[in-house]
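In what follows, a single structure is set out as structure tokens and then discussed.
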Amino acid sequence: MKKTTNFPTQDPTIEDLLKRLEVLENKNAELEAKLKNQNDLENKLKWFEEQFRLQQQKRFGISSEKTNPDQLDLFNETENEANPEIPEPDLDSITYQRKRKKHGQRALMLENLPVETVEYRLSPEEQVCSCCNGAMHQMSTEVRQELKFIPAELKVVKHVRHVYACRKCERKELETPIVTAPMPKPVHPGSLVSPSLMAHIMNQKYVDGLPLYRQEKQFKRMGVGLSRQTIANWMIHGADQWLSLMYDRMHQILLEQDILHADETTLQVLREPDRPATSKSYIWLYRTGKEGPSAILYDYKETRAGKNAKDFLSGFKGFLQVDGYAGYHKVPDVTLVGCWAHARRKFDEALKALPPAKRQTSGTKAAEGLQFCNQLYRIERDLKELSAEERHEKRLELSKPVMDAFLTWLKNQKGQVLPKSALGEAVTYSLNQWEKLEVFLQDGRLEIDNNRSERSIKPFVIGRKNWLFSNTPRGARSSAVIYSIVETAKENDLNPYYYLRYLFEELPNLDSKDQNALDKLLPWSETLPVHCRLFNQLSKS
């Protein structure tokens, strides 16, 4: 048997162990970097998928943010609604009740319109019975109503002013008294424009969204060649010379209120000094709350700087309801009120960003956050008819516990969601705006959201899609003034055309420094003529 000898192996030195440890640490760091990179790529992919689904929803989905209370339980509908103890109905017991048509709606709609009656009678020769040749008498009438359209027309109005003198003084005296008949002052001296034409042009553009080049074609078809430059000059003159008087007075009254709403949107102005034509300008909106006079004012500015809101609201002290834009922090002596509609919209978008299979389930975090917001809105709907004091007390009793639970839920979700995901942005927005979101609990007159200002700025946004831009800063300022007058008139149930026409008839003949005279022309004045008010509002009263 052969004998073998085992030589002892040499133990690794400390240097070898340190080298192996260094190699392992490098490999570990490399793997961790790859894993982190892979997680980042997965998070980016999820974010892009969310953005894609949101864009698809905005492009093809329903724009309304209303949530059906049963929508989140559609997949559990069978389990929730099933009750085996309820017997099945007999076929004979199933009845169908059709919705009855309301009567009197047509008469209510037509009662304030002028009526033209056309009668159709038989001639005396035709009023003979075909059976016995006897005389026929009127038995009844049949009435058919239809709406007749009368196209607009242009006509020339000559204002002839007569001048009188005394013949006796002309023969015997050195001086002859001359008396001129009074005549209303023109809205634009030396121009063809009348109060009715200027009101029509403004109404066409700022109420119906009809650009000036289309109005130019309309006037040409009517036989009058009015260029859009001429029309634009008329509007700028009417806004700067006359409507600005009402605008400044409404601005003074707006600053005297203690609750205001504000918002802003973009506007393109082509010929701004030292700025390219593609730069963004802004229209700022300021309006009163649901109590007091309803005033809506637009203000054109070149930038979105918070200084613009500070300057416009100089002297105002009270509650200012806004969205989450930080520029409003520069307004002194105000308490900013947050907008729950913006907070809710974030969770609604987070829910829409989910895959369709998860979107309808109630167990998702986005659905939970949305339910907190919906619960607050349900409480507000129940408190709608209460007084401000009662609403304040009920909010502390009902809404405050919901908000406390919501805040706890938000803090728990903060460390569990990706910050850049749709849900993460919703959670972050609500937490950052929380101090402002809970301010509406302080006063029953405050609203839960800033939808009042969003509804007021929407006509400007819709009109902008038609006329696209303003040519000069002066035109943009005039547009802001005209929009303010028009939207305030609509808010006070006035017919914008007749109200503008009334202003252009009265303002040139008033003392612009007489505040009492201007107050009688304000949109909420009770001394306005009846024809300025909407027909349907007259029928309601």
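Naming works like this for the structure tokens: A, B, ... for the chains as they're shown, residue 1 at the start of each chain, ligands 1 onward in shown order.
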Using DSSP assignments from the backbone, pull out every residue in stretch 301-353 of chain A that falls under alpha helix (DSSP H) and give it to me as JSON, numbers by chain.
{"A": [306, 307, 308, 309, 310, 311, 312, 340, 341, 342, 343, 344, 345, 346, 347, 348, 349, 350, 351, 352]}
Can you pull out the residues contacting stretch 386-399 of chain A? Cut-off 8 Å, using only C-alpha atoms, and skip same-chain residues under 4 positions away; I want them as a compact mmCIF listing (two decimals) with N, CA and C atoms, in the first residue's frame.
# COMPACT_ATOMS: atom_id res chain seq x y z
N LEU A 376 -67.06 65.45 1.82
CA LEU A 376 -67.14 66.87 2.17
C LEU A 376 -68.13 67.60 1.26
N ILE A 379 -71.72 66.86 2.28
CA ILE A 379 -72.11 67.67 3.44
C ILE A 379 -72.46 69.08 2.99
N MET A 403 -62.31 65.94 7.83
CA MET A 403 -61.03 66.51 7.48
C MET A 403 -59.91 66.00 8.38
N LEU A 441 -63.68 76.52 7.08
CA LEU A 441 -64.40 76.22 8.32
C LEU A 441 -64.55 77.44 9.21
N GLN A 442 -63.82 78.53 8.93
CA GLN A 442 -63.82 79.69 9.81
C GLN A 442 -65.05 80.57 9.63
N ASP A 443 -65.67 80.54 8.46
CA ASP A 443 -66.79 81.46 8.18
C ASP A 443 -67.79 80.73 7.29
N GLY A 444 -69.05 80.79 7.67
CA GLY A 444 -70.09 80.12 6.90
C GLY A 444 -70.35 80.74 5.55
N ARG A 445 -69.87 81.96 5.32
CA ARG A 445 -70.07 82.60 4.02
C ARG A 445 -69.08 82.11 2.98
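Our summary of the geometry notes that atom CA of A:Ala199 is positioned 29.0 Å from atom CA of A:Leu260.
Considering only C-alpha atoms, the residue among A:Ala480, A:Ile231, A:Ser140, A:Leu270 positioned nearest to A:Ser194 is A:Ile231.
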If you count only C-alpha atoms, which residues fall within 10 Å of A:Arg474, apart from same-chain ones fewer than 5 positions away, as a VMD selection string?
chain A and resid 236 240 269 271 to 272 300 479 to 480
Using the chain letters and numbers from this document, which residues of stretch 198-412 of chain A does DSSP assign to strand (DSSP E), as number ranges by chain?
A: 259-268, 280-288, 296-301, 318-321, 334-337
I'd like to know which of A:Leu313, A:Leu245, A:Ile201, A:Cys339 is closest to A:Glu435, using only C-alpha atoms.
A:Cys339
Write out as an MDAnalysis selection string the residues lying within 8 Å of A:Lys414, counting only C-alpha atoms and excluding same-chain residues fewer than 5 positions away.
chainID A and resid 424 427:428
Restricting the output to N, CA and C atoms, write the selected residues as a compact mmCIF listing (two decimals), in the first residue's frame.
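Below is the file that was written, out10.txt:
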# COMPACT_ATOMS: atom_id res chain seq x y z
N GLY A 424 -49.13 60.39 -5.78
CA GLY A 424 -48.18 61.13 -4.97
C GLY A 424 -48.35 62.63 -5.09
N VAL A 427 -51.49 63.63 -3.09
CA VAL A 427 -51.23 63.66 -1.64
C VAL A 427 -50.38 64.87 -1.27
N THR A 428 -49.34 65.14 -2.05
CA THR A 428 -48.46 66.28 -1.76
C THR A 428 -49.20 67.60 -1.87
Selection: 10 Å around A:Tyr483, only C-alpha atoms, excl. self and same-chain fewer than 5 positions, as a ChimeraX atom specification
/A:202-203,205-207,239,296-299,457,459-460,477-478,488-489
So which residues touch A:Leu431 within 12 Å, counting only C-alpha atoms, skipping near sequence neighbours fewer than 2 positions away, as number ranges by chain?
A: 324, 338, 343, 403, 406-414, 424-429, 433-438
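Close contacts of A:Leu510, defined as residues with an atom at most 12 Å away when counting only C-alpha atoms, with chain neighbours fewer than 4 positions off set aside, comprise Pro184, Lys185, Val187, Trp242, Leu245, Leu503, Phe504, Glu505, Glu506, Asp514, Gln515, Asn516, Ala517, Leu518, Asp519, Lys520 and Leu521 of chain A.
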From the list A:Leu154, A:Leu243, A:Cys373, A:Ile462, the nearest residue to A:Arg221 using only C-alpha atoms is A:Leu154
Do you have, as a Markdown table, the list of residues of stretch 382-454 of chain A lying at most 12 Å from stretch 284-293 of chain A, each with its nearest atom pair and that distance in Å to one decimal, counting only C-alpha atoms and ordered by chain then number?
| residue | atom | partner | partner_atom | distance |
| --- | --- | --- | --- | --- |
| A:Lys384 | CA | A:Lys290 | CA | 12.0 |
| A:Ser387 | CA | A:Glu291 | CA | 11.5 |
| A:Ala388 | CA | A:Glu291 | CA | 10.3 |
| A:Gly444 | CA | A:Glu291 | CA | 11.3 |
| A:Arg445 | CA | A:Glu291 | CA | 7.8 |
| A:Leu446 | CA | A:Gly289 | CA | 8.0 |
| A:Glu447 | CA | A:Gly289 | CA | 8.5 |
| A:Ile448 | CA | A:Gly289 | CA | 12.0 |
| A:Asp449 | CA | A:Gly289 | CA | 11.5 |
| A:Asn450 | CA | A:Gly289 | CA | 9.9 |
| A:Asn451 | CA | A:Gly289 | CA | 10.9 |
| A:Arg452 | CA | A:Gly289 | CA | 7.8 |
| A:Ser453 | CA | A:Arg287 | CA | 6.7 |
| A:Glu454 | CA | A:Leu285 | CA | 9.0 |
Work out how far apart atom CA of A:Phe469 and atom CA of A:Ile485 are and give it in Å to one decimal.
19.7 Å
